[in-house]
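> Here's a structure for you.
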Amino acid sequence: MEFSMWGCLLLALFTASIGVEGIDRRGARTERISGSAGDVLDDNPVGKLKVYVYELPSKYNKKILHKDPRCLTHMFAAEIFMHQFLLTSAVRTLNPNEADWFYTPVYSTCDLAPNGLPLPFKSPRMMRSAIQLISARWPYWNRTEGADHFFLVPHDFGACFHYQEEKAIKRGILPLLQRSTLVQTFGQQNHVCLNDGSITIPPYAPPEKIMSHLIPPDTPRSIFVYFRGLFYDVNNDPEGGYYARGARASMWENFKNNPLFDISTDHPTTYYEDMQRAVFCLCPLGWAPWSPRLVEAVIFGCIPVIIADDIVLPFADAIPWEEIGVFVAEKDVPYLDTILTSIPVDVILRKQRLLANPSMKQAMLFPQPAQSGDAFHQILNGLARKLPHDKRIYLKPGEKVLNWTAGPVGDHKPW
Amino acid sequence: MKQLAALQQQGRRSNSFRSNSSPLDATVDGAIKSPATIFWLFLHGVCCLISLVLGFRFSRLVFFLLFSASPSPSTTTIYSALRTTLPVISSPQERNVSADGGGSRVVVGRHGILIRPWPHPDPAEVMKAHRIIERVQAEQRSQYGVKNPRTVIAITPTYVRTFQTLHLTGVMHSLMNMRYDLVWIVVEAGGTTNETASLIAKSGLKTIHIGVDGKMPLLWEDRHKFESRMRLHALRIVREKKLDGIVMFADDSNMHSLELFDEIQNVKWIGAVSVGILAHSGGSEEGDVLMRESDADEKDEKKSQIPVQGPACNASGNLAGWHTFDTRPFVERSAIYIGDRAVVLPRKLEWAGFVLNSRLVWEDVEGKPVWVKDLVEIGKDGEDIESPLSLLKDTSVVEPLGSCGRKVLLWWLRVEARADSKFPASWIIDPPLDITVPAKRTPWPDAPPELPAYVEKVTTIPENTEKRPAKSGSKRKRSSRSKRKHNAKVLDIRASTKHAGDN
């Protein structure tokens, strides 16, 4: 009896530490994702942490959303859905004294221009105003100067609050957020706008729209490489070379004549269906290194080819992106065809098996209502992994670390 | 975000101004106008004017040629040099705003567009890619497609006649393209012939060629019955040889889609698929009459005009009955004998719409369901077996395939020439035609009527081909018109020979 118990335990440990093949309900051969800490994608955060949601006046969230409901469908909608999820989640606590993490619901990416793109010019002031409010009304901000608070900043360069990289770098992360945990889509190594300890998340992709375009899985994959999008941004970078650091233009110039590469600036209605018929989907950087293409490629089982130097991909500590996608340096783009055709077939099949894993696809989505294993839960898992808090974050009363007067003068204007 | 940058273009342009001017940035800012500043400003102005004229940034080219460390020739060509700058590391005029304090190799600013010297596909790589795609698709098939595919046993009754090559080639190619193991049982009326044997040998498939005594009857009714006999004979072969697999009836004049073979793999014992019935045949006047009739029938909703035969399901997806082709509008005009220019009608339920598990006809095998009759009991008295349903004691066990009969996977069409129509044996013209082709300038007279019918047909063909090169200058329309005239002529001649009642 005891021996069999030990045997089972050993077997469980063994299989947990390597990738194990399994057959899921639909008969597809899938492989379990083994992250650095074991099968973390299936972790349940409930019980591991408690989150307190500040009740801010609705001018920070609901009123902005009312003014422009497009915020619910664009790729920055994660900040809104995370708020809604946390309000009804089991990890929420109404007693702030027992909370491990504090969440401030500020919809900083919801000030949209007429064409739908978010204007980041007021976001620093909005954030600052919100922090002033919470530091005045509750004692928890001053206790740690925000070290146990987290914010969702899904904009292009995260908390640098600008869409142009040079300006974003000059601004740097908003000084008041320096100690907080930032949950953002932007991730690039050694970049000013990515703090250590930030959690990278995938951009929002509407789950119902994606699921409504699924085609039967036995449709043979006949496209080798697929990409739809801009190669030259003629409005903002007419000569090329700035946009995507020249990588997309290089892609076009080298492979426009190649029959294996189905790339164009077209906007077909069958975009999602075509991705499901492709073996590789290119996910190059644009003005920022991240893009919803990664999410779409993962959902549709198309191996993502990531062309963005030093990018930090979503949930990088839980998902072994090296084994799932193909990374190509920007300088190697002219040789993309050689690189992709020289990948051994069994490696490609293994990547497809990993992509077929339903927990992988769930982790990339923000479904309404939330389901287990989805991106909301991965964010909570990430926050749970950072617990328990280091004792040093708790400041002595009266001690001040943050510089409230730092940053451009325009940021100090009240919002 | 991208469009917004357009709003900020002013600021942007001033940035890029600075970046593409001389490397001595600082001097431009300064309020002090030293001679060097003025000189650089002037040079800059000249370069701008030249660029305006040329259409590209002339100053870049100058700096590239003057200040370049040797650029790697493998990554830039002259073409790319005109529109790009140097690779990142050695460029002096980029605004080297590095993304961090240090350590990052990713630099913000203008980068070169790297183009390799020969940006065209390499055939070896294209082949490798295709092999990868093949392997991926094979993997997909093994995961989502049919597991444990069974051998398909196709039974085809045939006989030698004009249209045999046409029909049999069609079936043969469908079977050759099919992805499963195959045993093809070709049953020939009147005994096996070399002609049929040589035709099916071209397929390279595993075939069993058997003959049934007796000539194929002339009347359609009798032909249907004879074919049923032939199929039963083939089923006896399946029983004798204990062939294992799925029996399907591939009539030689039917058209099968490849999806049919994927779908029949799902059958357990006996299944039925929907067969599209294409019963209309030749003659435009007939078509009009049919259209008018169908309009009249539209008012009576009970009659359905869908030309399909197959299983009909109820709401829960179980077999509820059979859908057959409504032959009533055609009954007066139905064809009686083979080659009759009238509508050939199908039987109530064609054999082709059914598939059986071959074990149903085996002698004694365990697991054989109770509702199937033994093969030896059927047809031994020479009675007409209309469809495989006669094999069953209880017809409700038939499995509807093709999403409950909604998918039409094969089509029934009977096109035949008259039983007495002549054609060259195995379609090889031997001895060669003995009509010599006249010289180009000689006008070719109309085909004289006293030549026998067969040769007459042949003579119109070279006339057609000859006329076209003679009128090579003419537009396409003219030659097609003349072609149509010739076709009409051929038809007329045929009609005349038929009415003449020759041979």
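Letters A, B, ... go to the chains of the structure tokens in the order shown; residues in each chain start at 1; ligands are counted from 1 in the same order.
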Taking only C-alpha atoms into account, which residues of chain A are within 6 Å of chain B, as a list in words?

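Contact residues on the first chain: Ala28, Leu117, Asn190, His191, Val192, Asp218, Pro220, Asn236, Gly241, Tyr242, Arg245, Gly246, Ser250, Asn254, Asn258, Pro334 and Thr341 of chain A.
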
> Write to file, as a PDB file, in the first residue's frame, the residues of the selection just made, with N, CA, C and O atoms.


```
ATOM      1  N   ALA A  28      -7.208  15.408 -30.073  1.00  0.00           N
ATOM      2  CA  ALA A  28      -5.986  16.047 -30.572  1.00  0.00           C
ATOM      3  C   ALA A  28      -4.844  15.714 -29.637  1.00  0.00           C
ATOM      4  O   ALA A  28      -4.990  15.712 -28.423  1.00  0.00           O
ATOM      5  N   LEU A 117      -8.006  55.731 -31.688  1.00  0.00           N
ATOM      6  CA  LEU A 117      -6.722  55.495 -31.024  1.00  0.00           C
ATOM      7  C   LEU A 117      -6.655  56.305 -29.726  1.00  0.00           C
ATOM      8  O   LEU A 117      -7.100  57.439 -29.682  1.00  0.00           O
ATOM      9  N   ASN A 190      15.680  45.451 -20.761  1.00  0.00           N
ATOM     10  CA  ASN A 190      16.550  46.614 -20.558  1.00  0.00           C
ATOM     11  C   ASN A 190      15.950  47.881 -21.123  1.00  0.00           C
ATOM     12  O   ASN A 190      16.643  48.716 -21.696  1.00  0.00           O
ATOM     13  N   HIS A 191      14.671  48.005 -21.019  1.00  0.00           N
ATOM     14  CA  HIS A 191      14.001  49.201 -21.523  1.00  0.00           C
ATOM     15  C   HIS A 191      13.504  50.012 -20.348  1.00  0.00           C
ATOM     16  O   HIS A 191      13.086  49.467 -19.327  1.00  0.00           O
ATOM     17  N   VAL A 192      13.536  51.319 -20.516  1.00  0.00           N
ATOM     18  CA  VAL A 192      13.139  52.217 -19.425  1.00  0.00           C
ATOM     19  C   VAL A 192      11.707  51.939 -18.992  1.00  0.00           C
ATOM     20  O   VAL A 192      11.369  52.013 -17.818  1.00  0.00           O
ATOM     21  N   ASP A 218      -9.656  19.598 -39.176  1.00  0.00           N
ATOM     22  CA  ASP A 218      -9.045  18.743 -40.178  1.00  0.00           C
ATOM     23  C   ASP A 218      -8.836  19.481 -41.494  1.00  0.00           C
ATOM     24  O   ASP A 218      -8.411  18.880 -42.473  1.00  0.00           O
ATOM     25  N   PRO A 220      -6.757  21.125 -43.946  1.00  0.00           N
ATOM     26  CA  PRO A 220      -5.294  21.014 -44.005  1.00  0.00           C
ATOM     27  C   PRO A 220      -4.632  22.388 -44.038  1.00  0.00           C
ATOM     28  O   PRO A 220      -5.118  23.321 -44.664  1.00  0.00           O
ATOM     29  N   ASN A 236       3.226  58.248 -41.178  1.00  0.00           N
ATOM     30  CA  ASN A 236       4.129  58.732 -40.145  1.00  0.00           C
ATOM     31  C   ASN A 236       5.590  58.504 -40.473  1.00  0.00           C
ATOM     32  O   ASN A 236       6.458  59.082 -39.853  1.00  0.00           O
ATOM     33  N   GLY A 241      12.163  52.806 -42.329  1.00  0.00           N
ATOM     34  CA  GLY A 241      13.368  52.802 -41.501  1.00  0.00           C
ATOM     35  C   GLY A 241      13.074  53.111 -40.057  1.00  0.00           C
ATOM     36  O   GLY A 241      13.798  52.688 -39.169  1.00  0.00           O
ATOM     37  N   TYR A 242      12.017  53.896 -39.812  1.00  0.00           N
ATOM     38  CA  TYR A 242      11.636  54.151 -38.421  1.00  0.00           C
ATOM     39  C   TYR A 242      10.634  53.107 -37.968  1.00  0.00           C
ATOM     40  O   TYR A 242      10.755  52.538 -36.892  1.00  0.00           O
ATOM     41  N   ARG A 245      11.539  49.516 -36.960  1.00  0.00           N
ATOM     42  CA  ARG A 245      13.007  49.502 -37.121  1.00  0.00           C
ATOM     43  C   ARG A 245      13.383  48.900 -38.469  1.00  0.00           C
ATOM     44  O   ARG A 245      14.400  48.223 -38.607  1.00  0.00           O
ATOM     45  N   GLY A 246      12.561  49.125 -39.472  1.00  0.00           N
ATOM     46  CA  GLY A 246      12.854  48.637 -40.806  1.00  0.00           C
ATOM     47  C   GLY A 246      12.623  47.157 -41.001  1.00  0.00           C
ATOM     48  O   GLY A 246      12.810  46.643 -42.100  1.00  0.00           O
ATOM     49  N   SER A 250      11.757  45.290 -44.569  1.00  0.00           N
ATOM     50  CA  SER A 250      12.696  44.280 -45.025  1.00  0.00           C
ATOM     51  C   SER A 250      11.963  42.998 -45.383  1.00  0.00           C
ATOM     52  O   SER A 250      12.256  42.352 -46.398  1.00  0.00           O
ATOM     53  N   ASN A 254      12.076  41.506 -49.225  1.00  0.00           N
ATOM     54  CA  ASN A 254      12.733  40.229 -49.477  1.00  0.00           C
ATOM     55  C   ASN A 254      11.777  39.141 -49.921  1.00  0.00           C
ATOM     56  O   ASN A 254      12.187  38.205 -50.591  1.00  0.00           O
ATOM     57  N   ASN A 258       7.948  35.678 -53.033  1.00  0.00           N
ATOM     58  CA  ASN A 258       8.124  34.305 -52.617  1.00  0.00           C
ATOM     59  C   ASN A 258       6.763  33.644 -52.459  1.00  0.00           C
ATOM     60  O   ASN A 258       5.960  34.082 -51.651  1.00  0.00           O
ATOM     61  N   PRO A 334      16.123  39.082 -43.643  1.00  0.00           N
ATOM     62  CA  PRO A 334      16.284  38.694 -45.048  1.00  0.00           C
ATOM     63  C   PRO A 334      16.468  37.201 -45.246  1.00  0.00           C
ATOM     64  O   PRO A 334      16.269  36.708 -46.351  1.00  0.00           O
ATOM     65  N   THR A 341      12.586  27.151 -43.164  1.00  0.00           N
ATOM     66  CA  THR A 341      12.566  25.836 -43.801  1.00  0.00           C
ATOM     67  C   THR A 341      13.595  24.897 -43.200  1.00  0.00           C
ATOM     68  O   THR A 341      13.532  23.691 -43.420  1.00  0.00           O
TER      69      THR A 341
END
```

> If you count only C-alpha atoms, which residues fall within 12 Å of Glu399 in chain A, apart from same-chain ones fewer than 2 positions away, as a list of chain:residue names?

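After dropping sequence-adjacent residues, the list is A:Asn142, A:Arg143, A:Thr144, A:Glu145, A:Ile393, A:Tyr394, A:Leu395, A:Lys396, A:Pro397, A:Val401, A:Leu402, A:Asn403.
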
> Grab the residues selected above and save them as a CSV table (one decimal), in the first residue's frame with N, CA and C atoms.


```
chain,number,residue,atom,x,y,z
A,142,ASN,N,0.5,55.2,1.6
A,142,ASN,CA,1.6,55.8,2.3
A,142,ASN,C,2.4,54.8,3.1
A,143,ARG,N,1.7,53.7,3.5
A,143,ARG,CA,2.4,52.6,4.2
A,143,ARG,C,3.6,52.1,3.4
A,144,THR,N,3.4,51.9,2.1
A,144,THR,CA,4.5,51.3,1.4
A,144,THR,C,4.8,52.1,0.2
A,145,GLU,N,4.2,53.3,0.0
A,145,GLU,CA,4.4,54.1,-1.2
A,145,GLU,C,4.1,53.3,-2.4
A,393,ILE,N,9.5,46.7,2.1
A,393,ILE,CA,8.7,47.7,1.4
A,393,ILE,C,7.8,48.5,2.4
A,394,TYR,N,7.7,48.0,3.5
A,394,TYR,CA,6.9,48.8,4.5
A,394,TYR,C,7.8,49.9,5.1
A,395,LEU,N,7.3,51.1,4.9
A,395,LEU,CA,8.1,52.3,5.3
A,395,LEU,C,7.8,52.7,6.7
A,396,LYS,N,8.7,53.3,7.3
A,396,LYS,CA,8.4,53.8,8.7
A,396,LYS,C,7.5,55.0,8.5
A,397,PRO,N,6.7,55.3,9.5
A,397,PRO,CA,5.8,56.4,9.3
A,397,PRO,C,6.5,57.7,9.1
A,401,VAL,N,9.8,58.1,0.1
A,401,VAL,CA,10.8,57.6,-0.9
A,401,VAL,C,10.5,58.3,-2.3
A,402,LEU,N,9.2,58.3,-2.6
A,402,LEU,CA,8.8,58.8,-4.0
A,402,LEU,C,9.0,60.3,-4.0
A,403,ASN,N,9.4,60.8,-5.2
A,403,ASN,CA,9.5,62.2,-5.4
A,403,ASN,C,8.2,62.7,-6.1
```

> Considering only helix (DSSP H, G or I) as DSSP defines it on the backbone, what residues of range 278-339 of chain A qualify? List them as a list in words.

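These are the residues in question: Arg293, Leu294, Val295, Glu296, Ala297, Val298, Ile299, Trp321, Glu322, Glu323, Ile324, Glu330, Lys331, Asp332, Val333, Pro334, Tyr335, Leu336, Asp337, Thr338 and Ile339 of chain A.
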
> Just want the 10 Å neighbourhood of Asp340 in chain B, counted on only C-alpha atoms, with same-chain residues fewer than 5 positions away dropped. Output as a PyMOL selection string.

chain B and resi 219-220+334-335+415-419

> Show me, as a PDB file with N, CA, C and O atoms, in the first residue's frame, the residues that have an atom within 7 Å of Trp415 in chain A when counting only C-alpha atoms, minus same-chain residues fewer than 6 positions from it.


```pdb
ATOM      1  N   ARG A 125      -1.593  62.757 -15.784  1.00  0.00           N
ATOM      2  CA  ARG A 125      -2.289  63.594 -14.795  1.00  0.00           C
ATOM      3  C   ARG A 125      -3.404  62.805 -14.128  1.00  0.00           C
ATOM      4  O   ARG A 125      -3.643  62.925 -12.917  1.00  0.00           O
ATOM      5  N   MET A 126      -4.072  61.991 -14.909  1.00  0.00           N
ATOM      6  CA  MET A 126      -5.173  61.190 -14.354  1.00  0.00           C
ATOM      7  C   MET A 126      -4.641  60.239 -13.293  1.00  0.00           C
ATOM      8  O   MET A 126      -5.206  60.106 -12.200  1.00  0.00           O
ATOM      9  N   SER A 129      -3.616  62.083 -10.204  1.00  0.00           N
ATOM     10  CA  SER A 129      -4.774  62.505  -9.416  1.00  0.00           C
ATOM     11  C   SER A 129      -5.364  61.328  -8.641  1.00  0.00           C
ATOM     12  O   SER A 129      -5.756  61.462  -7.470  1.00  0.00           O
TER      13      SER A 129
END
```

> Pick out the closest residue to Asn357 in chain A from this set: A:Phe85, A:Phe224, A:Trp252, A:Phe300. Count only C-alpha atoms.

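Nearest candidate to Asn357 in chain A out of A:Phe85, A:Phe224, A:Trp252, A:Phe300: A:Phe300.
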
> So how many Å separate CA of Ile270 in chain B and CA of Ala189 in chain B, to one decimal?

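Between these atoms lies a distance of 26.8 Å.
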
> For Phe327 in chain A, which residue out of A:Pro284, A:Pro118, A:Ala356, A:Glu208 is the nearest one, using only C-alpha atoms?

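Residue with the minimum atom-to-atom distance to Phe327 in chain A: A:Pro284.
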
> Report the distance between CA of Ala272 in chain B and CA of Val171 in chain B in Å, rounded to one decimal place.

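Between these atoms lies a distance of 19.5 Å.
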
> Report the distance between CA of Ala312 in chain B and CA of Pro329 in chain B in Å, rounded to one decimal place.

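So the answer is 21.9 Å.
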
> Find the residue from A:Ile131, A:Lys50, A:Leu87, A:Gly398 that sits nearest to Pro414 in chain A; use only C-alpha atoms when measuring.

A:Ile131

> Return the single residue from B:Val247, B:Ile50, B:Leu168, B:Ile336 that is closest to Pro388 in chain B, with distances computed using only C-alpha atoms.

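Of the candidates, the smallest distance to Pro388 in chain B is held by B:Val247.
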
> So that I can check the secondary structure, give me every residue of range 222-258 of chain B assigned strand (DSSP E) by backbone DSSP, as JSON, numbers by chain.

{"B": [246, 247, 248, 249, 255, 256]}

> Which residue, A:Asp411, A:Leu383, A:Phe227, A:His389, has the smallest gap to Asp266 in chain A when you use only C-alpha atoms?

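Answer, going by the shortest atom-to-atom distance: A:Phe227.
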
> Do a neighbour search on range 196-207 of chain A at 9 Å with only C-alpha atoms, toss out local chain neighbours closer than 4 positions, and write the hits as a ChimeraX atom specification.

/A:73-78,154,180-187,211-212,290-292,294-296,312-316,363-368,375,378-379,382-383,386

> I want to know what sits within 8 Å of Gly146 in chain A, based on only C-alpha atoms, with residues of the same chain fewer than 4 positions away left out; could you give that as a count of residues only?

7
